[in-house]
$ cat work17.cif   # mmCIF, C-alpha atoms
data_upload
loop_
_atom_site.group_PDB
_atom_site.id
_atom_site.type_symbol
_atom_site.label_atom_id
_atom_site.label_comp_id
_atom_site.auth_asym_id
_atom_site.auth_seq_id
_atom_site.Cartn_x
_atom_site.Cartn_y
_atom_site.Cartn_z
ATOM 1 C CA MET B 4 -2.863 -58.488 15.579
ATOM 2 C CA LYS B 5 -2.534 -61.394 18.055
ATOM 3 C CA ARG B 6 -1.808 -59.241 21.097
ATOM 4 C CA PHE B 7 -4.415 -56.571 20.438
ATOM 5 C CA LYS B 8 -7.963 -56.983 21.680
ATOM 6 C CA SER B 9 -9.454 -55.281 18.657
ATOM 7 C CA ALA B 10 -8.571 -53.816 15.289
ATOM 8 C CA GLY B 11 -9.293 -50.348 16.686
ATOM 9 C CA GLN B 12 -6.778 -50.817 19.478
ATOM 10 C CA ALA B 13 -4.157 -51.950 16.975
ATOM 11 C CA GLN B 14 -4.894 -48.948 14.750
ATOM 12 C CA ARG B 15 -4.546 -46.492 17.659
ATOM 13 C CA PHE B 16 -1.225 -47.988 18.695
ATOM 14 C CA LEU B 17 0.165 -48.165 15.180
ATOM 15 C CA SER B 18 -0.801 -44.596 14.317
ATOM 16 C CA VAL B 19 1.125 -43.249 17.321
ATOM 17 C CA GLN B 20 4.035 -45.656 16.853
ATOM 18 C CA ASP B 21 4.361 -44.685 13.198
ATOM 19 C CA GLN B 22 4.673 -40.987 14.037
ATOM 20 C CA ALA B 23 7.396 -41.688 16.597
ATOM 21 C CA ALA B 24 9.229 -44.060 14.253
ATOM 22 C CA ASN B 25 9.238 -41.444 11.484
ATOM 23 C CA LEU B 26 11.125 -39.113 13.801
ATOM 24 C CA PHE B 27 13.997 -41.598 14.162
ATOM 25 C CA ARG B 28 13.990 -43.100 10.669
ATOM 26 C CA ARG B 29 17.309 -42.635 8.855
ATOM 27 C CA PRO B 30 17.114 -41.074 5.402
ATOM 28 C CA ALA B 31 18.808 -42.967 2.583
ATOM 29 C CA ASN B 32 22.144 -41.770 1.237
ATOM 30 C CA THR B 33 23.380 -39.934 4.320
ATOM 31 C CA ASN B 34 26.919 -39.870 5.577
ATOM 32 C CA ALA B 35 27.874 -40.533 9.201
ATOM 33 C CA ALA B 36 28.088 -36.858 10.178
ATOM 34 C CA ALA B 37 24.647 -36.084 8.750
ATOM 35 C CA HIS B 38 23.250 -39.170 10.472
ATOM 36 C CA ARG B 39 24.674 -38.097 13.841
ATOM 37 C CA GLN B 40 23.275 -34.596 13.414
ATOM 38 C CA SER B 41 19.808 -35.901 12.539
ATOM 39 C CA ARG B 42 19.882 -38.211 15.579
ATOM 40 C CA VAL B 43 20.770 -35.287 17.854
ATOM 41 C CA GLN B 44 17.891 -33.283 16.419
ATOM 42 C CA ALA B 45 15.477 -36.227 16.721
ATOM 43 C CA PHE B 46 16.376 -36.766 20.385
ATOM 44 C CA LYS B 47 15.931 -33.036 21.123
ATOM 45 C CA ILE B 48 12.458 -33.135 19.584
ATOM 46 C CA TRP B 49 11.653 -36.357 21.435
ATOM 47 C CA ALA B 50 12.744 -34.782 24.749
ATOM 48 C CA GLU B 51 10.497 -31.766 24.101
ATOM 49 C CA VAL B 52 7.507 -33.912 23.193
ATOM 50 C CA THR B 53 7.859 -36.307 26.121
ATOM 51 C CA GLY B 54 8.996 -33.745 28.683
ATOM 52 C CA VAL B 55 12.222 -35.621 29.395
ATOM 53 C CA ALA B 56 15.146 -33.496 30.559
ATOM 54 C CA ALA B 57 17.594 -33.075 27.682
ATOM 55 C CA GLY B 58 21.249 -33.799 28.279
ATOM 56 C CA LEU B 59 20.910 -37.121 30.053
#

$ encode --input "work17.cif" --output "structure tokens"
Amino acid sequence: MKRFKSAGQAQRFLSVQDQAANLFRRPANTNAAAHRQSRVQAFKIWAEVTGVAAGL
């Protein structure tokens, strides 16, 4: 809370940050191959949402 000017500003930031973090959060009990596949999918979705060219 120190760096935010108000509780509302902190809430706005955290609500957006939480949605983005959920995209990249690793599920429990996954093997390496499943983890790599989920990361690929997460980065594809992230590229679509942000408009970044995929394949960089």

$ atom_distance --input "work17.cif" --atom1 "atom CA of Ala10 of chain B" --atom2 "atom CA of Asn25 of chain B"
22.0 Å

$ residues_around --input "work17.cif" --residues "segment 40-51 of chain B" --least-positions-apart "3" --cutoff "12 Å" --atoms "all atoms listed in the file" --output "list of chain:residue names"
B:Gln22, B:Ala23, B:Ala24, B:Asn25, B:Leu26, B:Phe27, B:Arg28, B:Arg29, B:Pro30, B:Thr33, B:Asn34, B:Ala35, B:Ala36, B:Ala37, B:Gly54, B:Val55, B:Ala56, B:Ala57, B:Gly58, B:Leu59

$ atom_distance --input "work17.cif" --atom1 "atom CA of His38 of chain B" --atom2 "atom CA of Ser18 of chain B"
25.0 Å

$ axis_aligned_box --input "work17.cif" --around "segment 23-27 of chain B" --padding-each-side "8 Å" --output "AutoDock Vina command-line options"
--center_x 10.7 --center_y -41.6 --center_z 14.0 --size_x 22.6 --size_y 20.9 --size_z 21.1

$ decode --input "work17.cif" --residues "segment 45-57 of chain B" --atoms "N, CA and C atoms" --output "compact mmCIF listing (two decimals), in the first residue's frame"
# COMPACT_ATOMS: atom_id res chain seq x y z
N ALA B 45 -0.30 -20.05 -22.63
CA ALA B 45 -0.43 -18.80 -21.90
C ALA B 45 0.21 -17.65 -22.68
N PHE B 46 1.37 -17.88 -23.28
CA PHE B 46 2.02 -16.82 -24.04
C PHE B 46 1.27 -16.50 -25.33
N LYS B 47 0.61 -17.49 -25.94
CA LYS B 47 -0.22 -17.21 -27.12
C LYS B 47 -1.39 -16.32 -26.74
N ILE B 48 -2.05 -16.64 -25.63
CA ILE B 48 -3.17 -15.83 -25.16
C ILE B 48 -2.69 -14.43 -24.80
N TRP B 49 -1.56 -14.34 -24.13
CA TRP B 49 -1.01 -13.04 -23.74
C TRP B 49 -0.71 -12.20 -24.98
N ALA B 50 -0.15 -12.81 -26.03
CA ALA B 50 0.16 -12.09 -27.26
C ALA B 50 -1.12 -11.58 -27.92
N GLU B 51 -2.18 -12.38 -27.90
CA GLU B 51 -3.46 -11.95 -28.47
C GLU B 51 -4.04 -10.77 -27.69
N VAL B 52 -3.99 -10.87 -26.38
CA VAL B 52 -4.58 -9.83 -25.53
C VAL B 52 -3.82 -8.51 -25.65
N THR B 53 -2.49 -8.60 -25.69
CA THR B 53 -1.68 -7.38 -25.71
C THR B 53 -1.40 -6.87 -27.10
N GLY B 54 -1.65 -7.70 -28.13
CA GLY B 54 -1.39 -7.27 -29.49
C GLY B 54 0.07 -7.42 -29.89
N VAL B 55 0.82 -8.17 -29.13
CA VAL B 55 2.24 -8.41 -29.42
C VAL B 55 2.33 -9.48 -30.50
N ALA B 56 3.25 -9.31 -31.43
CA ALA B 56 3.43 -10.30 -32.49
C ALA B 56 3.94 -11.60 -31.88
N ALA B 57 3.25 -12.69 -32.15
CA ALA B 57 3.66 -14.00 -31.64
C ALA B 57 4.86 -14.50 -32.42
